[in-house]
Amino acid sequence: MGYKDVFSACKADPEKFWLEAADAIDWVKKPTRALHAENAPLYEWFKDSEVNTCWNAVDRHVEAGRGDQDAIIYDSPVTDTKARITFSELKVQVAALAGALAEKGVTKGDRVIIYMPMVPEAITAMLACARIGAVHSVVFGGFAANELAVRIDDATPKAILAGSCGIEPGRVVEYKPLLDEAISLADHKPEFCIILQRSQCLASLVDGRDFDWTAITSTAKPVDCIPVSGTHPAYILYTSGTTGAPKGVVRPTAGHIVALNWTMKNIYNVDPGEVFWAASDVGWVVGHSYICYGPLIHGNTTIVFEGKPVGTPDAGTFWRVMQDYDVKTFFTAPTAFRAIKREDPKGLLIKDYDLSGLRALFLAGERADPDTILWAQDQLGVPVIDHWWQTETGYPAAANPLGIEAMPVKIGSPSVAMPGYDIQVLDDGGHPLPAGELGAIAAKLPLPPGTLPTLWNAEDRFVKSYLTTFPGYYETGDAGYIDDDGYLYIMARTDDVINVAGHRLSTGAMEEVLAGHPDVAECAVIGATDTLKGQLPLGFICTNTGTDRTNEDIVADCVARVREQIGPVAAFKHAVVVDRLPKTRSGKILRGIMVKIADSQDYKMPATIDDPAILDEIKAALKTIGYASH
Ligand code: COA
Ligand code: AMP
C-alpha cells in the first residue's frame with residue numbers, strides 16, 4: 001500500500017487501523033476499543049487496556065532474545081567517554097533504580113522530576129519511572145533554577161533525580177546548586193533527591209534528603225514492571241506558551257507506545273536491531289520520543305550523544321558517530337546543520353568518514369530553510385526529510401513516510417499529513433481555506449493516539465489554548481498553507497512562541513522577566529531572524545523617568561536577568577532602549593511590524609497605528625545594535 005492508501009484506510013476506519021497498530025505491543029490487558037469519544041471534545045485512546053511502557057521498551061526485548069543487543073550507545077566527546085549498554089544490562093539498571101524509588105515510597109501516579117544531562121542514566125531514570133507507573137517530568141538542563149522551581153510547584157514531585165553537572169563546551173554547569181536553589185524557591189518540597197555524581201564535579205549532598213545514585217541503586221531490590229491503565233499519564237513535559245507559565249503537556253501511556261512504535265518503521269524506516277540516532281536532548285520532546293521511547297520500544301539501538309554539532313571537537317563529530325555505530329536514520333534540528341555548514345561549508349570533513357550505512361536524514365523542530373536542505377542533500381547523498389510536529393503531538397503530524405512510500409520531496413514543505421491527522425488551514429472564522437491560501441493550521445478532532453489529552457492540572461487552559469478558537473479542531477499555533485498536492489507549508493507562529501536553535505521559547509515569558517526590572521516601565525520582546533539559530537530574541541525597553549542608571553546598564557541588567565531567571569538557553573543577548581513602543585490606537589503592541597523592521601523587510605503601515613513616526617524611531621534604535629541595517 002502506498003501513502004494515500006494507508007492514509008485513507010486510517011481515515012475510513014481509525015478503530016481498525018489503530019487496533020492493528022496496537023497488535024505490535026505487549027499488553028497486560030488488550031484494548032477492546034481504540035477511541036473513547038464519550039467526553040468529546042476530550043478524547044481518550046485505549047482506555048480499557050492495561051500496559052507497561054518499560055516492559056515494552058526493555059523487558060520484552062530481553063525475553064524475545066535481544067538481550068545482548070545494544071539498547072543504548074553513549075558517546076560523549078565532551079568527557080571523552082564511550083559506552084554500550086545492552087537490553088539485558090539496561091533491564092538490570094532500570095529495575096534497580098525503580099526498586100530504589102519504590103523503597104523510598106514512590107508509587108503509581110507519583111511525580112518524579114528528572115534534571116539531567118545527556119548521559120544514559122537520564123534514559124534509565126525515565127524508564128525506571130515508567131516501570132513503577134510514576135509520572136516523570138524531565139526539565140532541560142539549560143533552564144535556570146527559577147524555571148525548575150516553577151515546574152516543581154506545578155508537578156509537585158515526590159522525588160527529583162538529577163546529575164551533579166552537565167558539560168557545555170568550555171564549562172562545567174553545576175546542576176546541584178541550581179537544584180538546591182530551585183527547591184528553596186519552590187513552595188512544594190520533594191521528599192528526596194537521588195544525585196548522579198559525575199567525576200567532573202562532585203555535588204555536596206543534603207543529609208537526609210539527597211542520596212547517592214550509585215549507592216542507592218547498588219543495594220536496592222529490583223522491581224518488576226507494574227501494569228497501568230492505557231490512559232495513565234506516562235509523563236508531563238513542560239513547553240512554552242504565550243505566558244510565562246509553561247504548559248504541562250500530558251502524554252497518555254498506551255497511545256504513546258502504539259503511535260511511537262508505528263512511526264519507527266512507517267516514517268523513519270528502521271527495522272528492529274538497527275541503529276537510530278536523534279541528536280537532541282532528553283529535555284525536549286524529540287529526546288523523549290526518539291532518543292528514549294520510540295527506538296527502544298521498537299527494538300532499535302539508540303544513541304545518547306553528549307556534545308554539540310560543532311566544537312566537540314569539530315564539525316565532523318556527527319559524521320564520526322554515524323560511521324562508528326552504523327547509524328541508519330539520523331534526526332536533528334536544521335540549526336545543527338547550519339552550524340556545521342558554517343564551519344565546513346565545503347563538507348571537507350564528511351569525506352573522512354564512511355557514511356554508506358546512512359539511509360535518511362530527518363529534520364524538525366523549526367523551519368528547514370532550503371539552503372540547509374540542499375547542502376545536506378549534496379553532502380550526504382541521502383533523502384533529507386523535513387517533518388513537522390510539536391511537544392503536544394509527540395510525533396510527526398506531517399512527514400514523508402519513508403517506510404510506507406518515499407513521496408517526492410518538495411523543498412520548503414514538511415510533506416504530507418500522517419495517518420490520523422486531518423490537517424486543515426482555516427480562516428479567522430474557522431472555515432477551511434482553499435489550497436494555497438495562508439491561514440491557521442488546525443487538525444480536525446479527534447487527534448490520533450499518543451497526542452496530548454490535557455494539560456497537567458489545567459484542563460481549562462487546555463480547552464482554552466487548543467480547542468476553543470476553532471470548535472471541533474485542535475489549534476496548532478502555527479500558520480501556513482496546503483498546496484494542490486496536499487503538501488503542508490509552515491510559515492509562522494500565530495502566538496508569542498519563538499524558536500531559537502530548535503528550542504521553543506516564549507517571548508511573553510521574557511517580557512515578564514524584563515518588566516520585573518525596577519527601571520523598566522514597558523517592554524516588548526520579539527523573535528528576529530538569525531542565520532544560525534533561526535530566530536533570536538530581541539528586547540525593546542522603555543525606562544522609567546527619573547532613573548539614574550544609564551541605558552547600557554539597564555540593558556546589561558535585563559540580559560543578565562533573563563539568563564538568571566529563564567536560563568542560558570533563552571540566548572537573550574540584545575535589547576535596545578526606546579522612548580515608546582509602536583501600538584495600535586487600542587494599545588496593542590505591534591510586534592509583527594517590529595520583527596519586519598529588525599529583519600529589514602518591507603512592511604505595510606498598519607491602518608490602526610497610533611503614531612506612524614514611531615516606526616522611524618524604532619528603526620534608528622535598532623540600527624545602533626546592528627539590526628535593520630538595510
Ligand atoms: N545545560 C546548560 N546550559 C546549556 C544547555 C544545557 N543542557 N544547553 C545549552 N546551554 C547553554 C549553552 O551553553 C549556551 O550558553 P552560552 O550563552 O553561555 O553560550 C546557551 O545555553 C545557548 O545554547 P545553544 O542554543 O545550544 O547555543 P550554542 O551557541 O551553544 O550552540 C548550536 C548552537 C546550533 C550548535 C546548538 O544550538 C545546537 O546543537 N542545536 C541543536 C538543537 C537541538 O537539538 N534542538 C532540539 C530540538 S530537535
Ligand atoms: P516543539 O513543541 O518544541 O517541538 O515546537 C513545535 C513548534 O516548532 C511547531 O509548532 C512549529 O512552530 C515549529 N516546528 C517544528 N517542526 C517544524 C518544521 N518542520 N517546520 C517548521 N516549523 C516547525
# chains A, B, ... in the order shown; residues from 1 in each chain; ligands from 1

$ select_by_dssp --residues "stretch 95-328 of chain A" --states "strand (DSSP E or B)" --output "ChimeraX atom specification"
/A:111-115,135-138,159-163,165-168,171-174,192-196,198,201,210-212,228-229,233-239,247-252,275-278,301-305,327-328

$ write_last_selection --atoms "C-alpha atoms" --output "PDB file, in the first residue's frame"
ATOM      1  CA  ARG A 111       5.540  12.575  40.006  1.00  0.00           C
ATOM      2  CA  VAL A 112       9.325  12.473  39.673  1.00  0.00           C
ATOM      3  CA  ILE A 113      11.327  15.332  38.176  1.00  0.00           C
ATOM      4  CA  ILE A 114      14.403  14.412  36.159  1.00  0.00           C
ATOM      5  CA  TYR A 115      17.027  17.156  35.756  1.00  0.00           C
ATOM      6  CA  VAL A 135       4.930  10.141  36.105  1.00  0.00           C
ATOM      7  CA  HIS A 136       8.215  11.731  35.119  1.00  0.00           C
ATOM      8  CA  SER A 137       8.810  15.298  34.130  1.00  0.00           C
ATOM      9  CA  VAL A 138      12.187  15.937  32.547  1.00  0.00           C
ATOM     10  CA  ALA A 159      11.365  12.801  44.189  1.00  0.00           C
ATOM     11  CA  ILE A 160      13.910  14.540  41.977  1.00  0.00           C
ATOM     12  CA  LEU A 161      16.591  12.672  40.051  1.00  0.00           C
ATOM     13  CA  ALA A 162      19.490  14.863  38.994  1.00  0.00           C
ATOM     14  CA  GLY A 163      23.028  14.789  37.702  1.00  0.00           C
ATOM     15  CA  CYS A 165      26.600  18.569  36.466  1.00  0.00           C
ATOM     16  CA  GLY A 166      26.270  18.976  32.743  1.00  0.00           C
ATOM     17  CA  ILE A 167      29.141  19.727  30.396  1.00  0.00           C
ATOM     18  CA  GLU A 168      28.896  22.585  27.942  1.00  0.00           C
ATOM     19  CA  ARG A 171      32.495  24.906  31.089  1.00  0.00           C
ATOM     20  CA  VAL A 172      31.028  22.566  33.628  1.00  0.00           C
ATOM     21  CA  VAL A 173      27.447  23.518  34.508  1.00  0.00           C
ATOM     22  CA  GLU A 174      26.900  22.568  38.135  1.00  0.00           C
ATOM     23  CA  PHE A 192      14.077  13.108  48.484  1.00  0.00           C
ATOM     24  CA  CYS A 193      16.585  13.516  45.654  1.00  0.00           C
ATOM     25  CA  ILE A 194      18.866  10.978  44.018  1.00  0.00           C
ATOM     26  CA  ILE A 195      22.044  12.513  42.643  1.00  0.00           C
ATOM     27  CA  LEU A 196      24.253  11.003  39.971  1.00  0.00           C
ATOM     28  CA  ARG A 198      29.820  12.722  37.831  1.00  0.00           C
ATOM     29  CA  CYS A 201      32.093  17.745  39.614  1.00  0.00           C
ATOM     30  CA  ASP A 210      19.841  13.635  48.963  1.00  0.00           C
ATOM     31  CA  PHE A 211      21.042  10.130  48.157  1.00  0.00           C
ATOM     32  CA  ASP A 212      23.907   8.985  46.007  1.00  0.00           C
ATOM     33  CA  VAL A 228      -1.054   0.873  34.390  1.00  0.00           C
ATOM     34  CA  SER A 229      -4.241   1.866  32.637  1.00  0.00           C
ATOM     35  CA  PRO A 233      -0.072   9.758  32.284  1.00  0.00           C
ATOM     36  CA  ALA A 234       3.298   8.450  31.122  1.00  0.00           C
ATOM     37  CA  TYR A 235       4.920  11.813  31.612  1.00  0.00           C
ATOM     38  CA  ILE A 236       4.451  15.563  31.831  1.00  0.00           C
ATOM     39  CA  LEU A 237       6.631  17.717  29.592  1.00  0.00           C
ATOM     40  CA  TYR A 238       6.511  21.465  30.082  1.00  0.00           C
ATOM     41  CA  THR A 239       6.592  23.618  26.989  1.00  0.00           C
ATOM     42  CA  LYS A 247       2.146  24.303  29.800  1.00  0.00           C
ATOM     43  CA  GLY A 248       2.442  20.797  31.242  1.00  0.00           C
ATOM     44  CA  VAL A 249       1.741  18.582  28.249  1.00  0.00           C
ATOM     45  CA  VAL A 250       0.441  15.202  29.442  1.00  0.00           C
ATOM     46  CA  ARG A 251       1.352  12.066  27.494  1.00  0.00           C
ATOM     47  CA  PRO A 252      -1.099   9.146  27.741  1.00  0.00           C
ATOM     48  CA  VAL A 275      20.748   1.968  14.987  1.00  0.00           C
ATOM     49  CA  PHE A 276      18.597   5.097  15.107  1.00  0.00           C
ATOM     50  CA  TRP A 277      20.055   8.396  16.264  1.00  0.00           C
ATOM     51  CA  ALA A 278      18.263  11.569  17.258  1.00  0.00           C
ATOM     52  CA  THR A 301      19.598   0.817  19.346  1.00  0.00           C
ATOM     53  CA  THR A 302      19.530   4.469  20.374  1.00  0.00           C
ATOM     54  CA  ILE A 303      22.450   6.865  20.761  1.00  0.00           C
ATOM     55  CA  VAL A 304      22.887   9.212  23.706  1.00  0.00           C
ATOM     56  CA  PHE A 305      25.274  11.838  22.361  1.00  0.00           C
ATOM     57  CA  VAL A 327      23.529   4.819  12.017  1.00  0.00           C
ATOM     58  CA  LYS A 328      20.688   4.070   9.585  1.00  0.00           C
TER      59      LYS A 328
END

$ closest_atom_pairs --of "chain A" --to "ligand 2" --cutoff "9 Å" --atoms "only C-alpha atoms and all ligand atoms" --output "tab-separated table"
residue	atom	partner	partner_atom_place_in_ligand_line	distance
A:Thr239	CA	ligand 2	2 (O)	6.5
A:Ser240	CA	ligand 2	2 (O)	7.8
A:Trp284	CA	ligand 2	3 (O)	6.7
A:Val285	CA	ligand 2	4 (O)	6.2
A:Val286	CA	ligand 2	4 (O)	7.1
A:Ala333	CA	ligand 2	16 (N)	8.6
A:Pro334	CA	ligand 2	19 (N)	8.9
A:Leu363	CA	ligand 2	19 (N)	6.6
A:Ala364	CA	ligand 2	19 (N)	4.3
A:Gly365	CA	ligand 2	15 (C)	3.6
A:Glu366	CA	ligand 2	23 (C)	3.7
A:Arg367	CA	ligand 2	21 (C)	3.4
A:Ala368	CA	ligand 2	20 (N)	5.9
A:Asp369	CA	ligand 2	20 (N)	8.8
A:Ile385	CA	ligand 2	19 (N)	8.9
A:Asp386	CA	ligand 2	19 (N)	5.2
A:His387	CA	ligand 2	19 (N)	4.4
A:Trp388	CA	ligand 2	19 (N)	3.7
A:Trp389	CA	ligand 2	16 (N)	5.1
A:Gln390	CA	ligand 2	2 (O)	3.7
A:Thr391	CA	ligand 2	2 (O)	3.6
A:Glu392	CA	ligand 2	2 (O)	6.4
A:Thr393	CA	ligand 2	2 (O)	8.2
A:Gly394	CA	ligand 2	4 (O)	8.1
A:Pro396	CA	ligand 2	16 (N)	8.5
A:Ala398	CA	ligand 2	19 (N)	8.2
A:Ala399	CA	ligand 2	19 (N)	8.4
A:Gly412	CA	ligand 2	20 (N)	8.2
A:Ser413	CA	ligand 2	20 (N)	7.5
A:Pro414	CA	ligand 2	19 (N)	5.4
A:Thr476	CA	ligand 2	10 (O)	6.3
A:Gly477	CA	ligand 2	10 (O)	6.1
A:Asp478	CA	ligand 2	12 (O)	5.4
A:Ala479	CA	ligand 2	12 (O)	8.3
A:Tyr489	CA	ligand 2	20 (N)	7.7
A:Ile490	CA	ligand 2	21 (C)	5.0
A:Met491	CA	ligand 2	21 (C)	6.9
A:Ala492	CA	ligand 2	12 (O)	6.6
A:Arg493	CA	ligand 2	12 (O)	5.5
A:Thr494	CA	ligand 2	12 (O)	8.8
A:Val497	CA	ligand 2	12 (O)	7.7
A:Ile498	CA	ligand 2	12 (O)	7.6
A:Asn499	CA	ligand 2	8 (O)	6.5
A:Gly502	CA	ligand 2	3 (O)	6.9
A:His503	CA	ligand 2	3 (O)	5.8
A:Arg504	CA	ligand 2	3 (O)	4.5
A:Leu505	CA	ligand 2	3 (O)	8.0

$ residues_around --residues "A:Ala339" --least-positions-apart "5" --cutoff "9 Å" --atoms "only C-alpha atoms" --output "list in words"
Pro309, Val310, Ala315, Pro334, Asp344, Leu532 and Lys533 of chain A

$ write_last_selection --atoms "C-alpha atoms" --output "mmCIF file, in the first residue's frame"
data_model
loop_
_atom_site.group_PDB
_atom_site.id
_atom_site.type_symbol
_atom_site.label_atom_id
_atom_site.label_comp_id
_atom_site.auth_asym_id
_atom_site.auth_seq_id
_atom_site.Cartn_x
_atom_site.Cartn_y
_atom_site.Cartn_z
ATOM 1 C CA PRO A 309 27.456 19.542 16.246
ATOM 2 C CA VAL A 310 30.493 21.833 16.171
ATOM 3 C CA ALA A 315 32.262 19.903 12.624
ATOM 4 C CA PRO A 334 18.187 22.302 10.981
ATOM 5 C CA ASP A 344 32.794 23.376 6.998
ATOM 6 C CA LEU A 532 22.374 30.256 12.627
ATOM 7 C CA LYS A 533 19.649 29.818 15.224
#

$ closest_residue --among "A:Pro177, A:Gly283, A:Pro14, A:Pro190" --to "ligand 1" --atoms "only C-alpha atoms and all ligand atoms"
A:Gly283

$ residues_around --residues "stretch 570-579 of chain A" --least-positions-apart "4" --cutoff "8 Å" --atoms "only C-alpha atoms" --output "list in words"
Val500, Leu505, Leu536, Pro537, Leu538, Gly539, Phe540, Ile541, Cys542, Thr543, Asn551, Val555, Val559, Val562, Arg563, Ile566, Glu617, Ile618, Ala621, Leu622 and Ile625 of chain A

$ write_last_selection --atoms "all heavy atoms" --output "compact mmCIF listing (two decimals), in the first residue's frame"
# COMPACT_ATOMS: atom_id res chain seq x y z
N VAL A 500 14.34 29.19 18.94
CA VAL A 500 15.75 29.60 18.96
C VAL A 500 16.61 28.33 18.96
O VAL A 500 16.61 27.59 19.93
CB VAL A 500 16.04 30.45 20.22
CG1 VAL A 500 17.50 30.87 20.27
CG2 VAL A 500 15.12 31.66 20.27
N LEU A 505 10.60 28.76 22.83
CA LEU A 505 10.65 29.73 23.93
C LEU A 505 9.51 30.72 23.80
O LEU A 505 8.99 30.97 22.70
CB LEU A 505 11.98 30.49 23.89
CG LEU A 505 13.23 29.63 24.08
CD1 LEU A 505 14.46 30.38 23.62
CD2 LEU A 505 13.37 29.22 25.55
N LEU A 536 16.31 34.78 17.08
CA LEU A 536 16.93 35.18 18.34
C LEU A 536 16.03 36.20 19.01
O LEU A 536 15.46 37.07 18.33
CB LEU A 536 18.29 35.84 18.10
CG LEU A 536 19.53 34.95 18.05
CD1 LEU A 536 20.77 35.81 17.88
CD2 LEU A 536 19.67 34.10 19.31
N PRO A 537 15.88 36.13 20.33
CA PRO A 537 15.04 37.13 21.00
C PRO A 537 15.70 38.50 20.99
O PRO A 537 16.93 38.61 21.09
CB PRO A 537 14.90 36.60 22.42
CG PRO A 537 16.06 35.70 22.62
CD PRO A 537 16.45 35.17 21.28
N LEU A 538 14.89 39.52 20.86
CA LEU A 538 15.39 40.90 20.82
C LEU A 538 14.44 41.74 21.67
O LEU A 538 13.22 41.70 21.45
CB LEU A 538 15.38 41.34 19.35
CG LEU A 538 15.75 42.75 18.99
CD1 LEU A 538 17.16 43.08 19.48
CD2 LEU A 538 15.71 42.93 17.47
N GLY A 539 15.02 42.48 22.63
CA GLY A 539 14.18 43.22 23.57
C GLY A 539 14.09 44.70 23.26
O GLY A 539 15.05 45.30 22.76
N PHE A 540 12.95 45.29 23.54
CA PHE A 540 12.74 46.74 23.46
C PHE A 540 12.30 47.20 24.85
O PHE A 540 11.35 46.65 25.39
CB PHE A 540 11.65 47.07 22.45
CG PHE A 540 11.99 46.68 21.05
CD1 PHE A 540 11.84 45.36 20.62
CD2 PHE A 540 12.50 47.61 20.15
CE1 PHE A 540 12.18 44.98 19.33
CE2 PHE A 540 12.84 47.25 18.86
CZ PHE A 540 12.69 45.93 18.45
N ILE A 541 13.01 48.21 25.36
CA ILE A 541 12.76 48.60 26.75
C ILE A 541 12.45 50.09 26.81
O ILE A 541 13.19 50.92 26.26
CB ILE A 541 14.02 48.32 27.60
CG1 ILE A 541 14.30 46.82 27.62
CG2 ILE A 541 13.89 48.87 29.00
CD1 ILE A 541 15.71 46.49 28.05
N CYS A 542 11.38 50.47 27.49
CA CYS A 542 11.11 51.88 27.81
C CYS A 542 11.41 52.02 29.29
O CYS A 542 10.86 51.27 30.11
CB CYS A 542 9.66 52.24 27.56
SG CYS A 542 9.11 51.91 25.88
N THR A 543 12.30 52.96 29.63
CA THR A 543 12.70 53.06 31.03
C THR A 543 11.81 54.05 31.79
O THR A 543 11.20 54.95 31.19
CB THR A 543 14.17 53.52 31.16
OG1 THR A 543 14.30 54.76 30.48
CG2 THR A 543 15.11 52.50 30.54
N ASN A 551 21.34 53.75 30.14
CA ASN A 551 20.64 52.76 29.31
C ASN A 551 21.46 51.48 29.18
O ASN A 551 20.91 50.38 29.20
CB ASN A 551 20.39 53.34 27.92
CG ASN A 551 19.30 54.41 27.95
OD1 ASN A 551 18.64 54.58 28.98
ND2 ASN A 551 19.14 55.13 26.86
N VAL A 555 20.19 47.72 30.08
CA VAL A 555 20.18 46.62 29.10
C VAL A 555 20.99 45.44 29.64
O VAL A 555 20.55 44.28 29.58
CB VAL A 555 20.74 47.10 27.73
CG1 VAL A 555 21.07 45.92 26.83
CG2 VAL A 555 19.74 48.03 27.05
N VAL A 559 19.67 41.60 30.28
CA VAL A 559 20.27 40.40 29.68
C VAL A 559 20.60 39.39 30.80
O VAL A 559 20.30 38.20 30.71
CB VAL A 559 21.52 40.78 28.87
CG1 VAL A 559 22.33 39.55 28.48
CG2 VAL A 559 21.11 41.58 27.62
N VAL A 562 17.36 37.70 32.33
CA VAL A 562 16.75 36.62 31.54
C VAL A 562 17.60 35.35 31.68
O VAL A 562 17.08 34.24 31.84
CB VAL A 562 16.58 37.02 30.06
CG1 VAL A 562 16.08 35.84 29.23
CG2 VAL A 562 15.61 38.19 29.93
N ARG A 563 18.91 35.52 31.67
CA ARG A 563 19.78 34.34 31.84
C ARG A 563 19.58 33.70 33.21
O ARG A 563 19.52 32.48 33.34
CB ARG A 563 21.25 34.79 31.66
CG ARG A 563 22.20 33.63 31.48
CD ARG A 563 23.61 34.14 31.20
NE ARG A 563 24.56 33.05 31.22
CZ ARG A 563 24.95 32.35 30.16
NH1 ARG A 563 24.48 32.64 28.97
NH2 ARG A 563 25.82 31.36 30.28
N ILE A 566 15.37 32.64 33.32
CA ILE A 566 14.88 31.62 32.37
C ILE A 566 16.01 30.64 32.07
O ILE A 566 15.80 29.44 32.09
CB ILE A 566 14.34 32.27 31.08
CG1 ILE A 566 13.11 33.11 31.43
CG2 ILE A 566 13.98 31.19 30.04
CD1 ILE A 566 12.45 33.81 30.27
N GLU A 617 11.69 55.83 14.72
CA GLU A 617 12.48 55.82 15.97
C GLU A 617 12.95 54.39 16.27
O GLU A 617 14.09 54.17 16.66
CB GLU A 617 11.62 56.30 17.15
CG GLU A 617 11.21 57.76 17.07
CD GLU A 617 10.15 58.09 18.12
OE1 GLU A 617 10.09 57.43 19.18
OE2 GLU A 617 9.36 59.01 17.86
N ILE A 618 12.06 53.44 16.05
CA ILE A 618 12.41 52.03 16.31
C ILE A 618 13.55 51.61 15.38
O ILE A 618 14.53 50.98 15.81
CB ILE A 618 11.16 51.13 16.08
CG1 ILE A 618 10.11 51.40 17.15
CG2 ILE A 618 11.51 49.65 16.00
CD1 ILE A 618 10.43 50.83 18.52
N ALA A 621 16.85 53.09 16.47
CA ALA A 621 17.38 52.42 17.67
C ALA A 621 17.97 51.06 17.29
O ALA A 621 19.05 50.68 17.76
CB ALA A 621 16.27 52.24 18.70
N LEU A 622 17.27 50.33 16.40
CA LEU A 622 17.76 49.00 16.01
C LEU A 622 19.08 49.08 15.26
O LEU A 622 19.95 48.22 15.41
CB LEU A 622 16.70 48.29 15.15
CG LEU A 622 15.54 47.70 15.93
CD1 LEU A 622 14.46 47.18 14.99
CD2 LEU A 622 16.01 46.57 16.85
N ILE A 625 22.28 48.71 17.16
CA ILE A 625 22.78 47.39 17.61
C ILE A 625 22.87 46.40 16.44
O ILE A 625 22.84 45.18 16.63
CB ILE A 625 21.92 46.81 18.76
CG1 ILE A 625 20.44 46.70 18.36
CG2 ILE A 625 22.08 47.60 20.03
CD1 ILE A 625 19.65 45.79 19.29

$ closest_residue --among "A:Ala607, A:Ala182, A:Leu402, A:Val258" --to "A:Gly230" --atoms "only C-alpha atoms"
A:Val258

$ residues_around --residues "A:Gly592" --least-positions-apart "2" --cutoff "10 Å" --atoms "only C-alpha atoms" --output "number ranges by chain"
A: 526-527, 589-590, 594-597, 603

$ residues_around --residues "stretch 438-451 of chain A" --least-positions-apart "5" --cutoff "7 Å" --atoms "only C-alpha atoms" --output "VMD selection string"
chain A and resid 43 45 251 to 252 255 to 256 259 392 to 394 420 to 427 472 to 476 478 to 481

$ residues_around --residues "stretch 261-269 of chain A" --least-positions-apart "3" --cutoff "8 Å" --atoms "only C-alpha atoms" --output "mmCIF file with N, CA and C atoms, in the first residue's frame"
data_model
loop_
_atom_site.group_PDB
_atom_site.id
_atom_site.type_symbol
_atom_site.label_atom_id
_atom_site.label_comp_id
_atom_site.auth_asym_id
_atom_site.auth_seq_id
_atom_site.Cartn_x
_atom_site.Cartn_y
_atom_site.Cartn_z
ATOM 1 N N ALA A 21 -2.369 -1.516 14.727
ATOM 2 C CA ALA A 21 -1.056 -0.998 15.162
ATOM 3 C C ALA A 21 -0.773 -1.463 16.594
ATOM 4 N N ALA A 24 1.228 -4.751 17.745
ATOM 5 C CA ALA A 24 2.691 -4.839 17.854
ATOM 6 C C ALA A 24 3.170 -4.629 19.294
ATOM 7 N N ILE A 257 2.766 4.508 23.302
ATOM 8 C CA ILE A 257 3.538 3.318 22.915
ATOM 9 C C ILE A 257 3.148 2.885 21.494
ATOM 10 N N VAL A 258 1.835 2.851 21.247
ATOM 11 C CA VAL A 258 1.350 2.363 19.947
ATOM 12 C C VAL A 258 1.831 3.285 18.829
ATOM 13 N N GLY A 294 10.725 5.799 21.485
ATOM 14 C CA GLY A 294 10.432 5.219 20.162
ATOM 15 C C GLY A 294 11.407 4.109 19.779
ATOM 16 N N PRO A 295 12.724 4.433 19.724
ATOM 17 C CA PRO A 295 13.673 3.402 19.308
ATOM 18 C C PRO A 295 13.649 2.190 20.231
ATOM 19 N N ILE A 297 11.249 1.015 22.265
ATOM 20 C CA ILE A 297 10.017 0.225 22.136
ATOM 21 C C ILE A 297 10.080 -0.629 20.869
ATOM 22 N N HIS A 298 10.658 -0.066 19.826
ATOM 23 C CA HIS A 298 10.695 -0.753 18.535
ATOM 24 C C HIS A 298 11.868 -1.743 18.421
ATOM 25 N N THR A 329 19.239 5.839 10.387
ATOM 26 C CA THR A 329 18.411 7.038 10.239
ATOM 27 C C THR A 329 18.873 8.052 11.276
ATOM 28 N N TYR A 395 4.830 13.179 18.172
ATOM 29 C CA TYR A 395 5.424 12.512 16.998
ATOM 30 C C TYR A 395 4.899 13.239 15.762
ATOM 31 N N ALA A 399 4.866 14.491 7.517
ATOM 32 C CA ALA A 399 6.195 13.936 7.220
ATOM 33 C C ALA A 399 6.163 13.275 5.857
ATOM 34 N N ASN A 400 7.319 12.785 5.469
ATOM 35 C CA ASN A 400 7.432 11.968 4.274
ATOM 36 C C ASN A 400 7.659 10.544 4.786
ATOM 37 N N PRO A 401 6.642 9.674 4.706
ATOM 38 C CA PRO A 401 6.725 8.376 5.400
ATOM 39 C C PRO A 401 7.564 7.371 4.630
ATOM 40 N N LEU A 402 8.868 7.434 4.829
ATOM 41 C CA LEU A 402 9.781 6.632 4.004
ATOM 42 C C LEU A 402 9.526 5.131 4.080
ATOM 43 N N GLY A 403 9.009 4.669 5.220
ATOM 44 C CA GLY A 403 8.764 3.231 5.365
ATOM 45 C C GLY A 403 7.507 2.774 4.634
ATOM 46 N N ILE A 404 6.641 3.724 4.287
ATOM 47 C CA ILE A 404 5.435 3.381 3.521
ATOM 48 C C ILE A 404 5.718 3.627 2.044
#

$ closest_residue --among "A:Phe330, A:Trp213, A:Phe362, A:Phe140" --to "ligand 1" --atoms "only C-alpha atoms and all ligand atoms"
A:Phe140

$ select_by_dssp --residues "stretch 319-517 of chain A" --states "helix (DSSP H, G or I)" --output "PyMOL selection string"
chain A and resi 319-325+334-343+348-352+370-380+459-467+507-515

$ closest_residue --among "A:Asp611, A:Glu121, A:Asp23, A:Asp354" --to "A:Phe318" --atoms "only C-alpha atoms"
A:Asp354

$ atom_distance --atom1 "atom CA of A:Ala186" --atom2 "atom CA of A:Val139"
14.8 Å

$ closest_residue --among "A:Val282, A:Ile291, A:Ala149, A:Ala620" --to "A:Ala71" --atoms "only C-alpha atoms"
A:Ile291

$ closest_residue --among "A:Ser586, A:Ser600, A:Ser8, A:Gln93" --to "A:Lys221" --atoms "only C-alpha atoms"
A:Gln93

$ atom_distance --atom1 "atom CA of A:Ala37" --atom2 "atom CA of A:Phe462"
17.1 Å
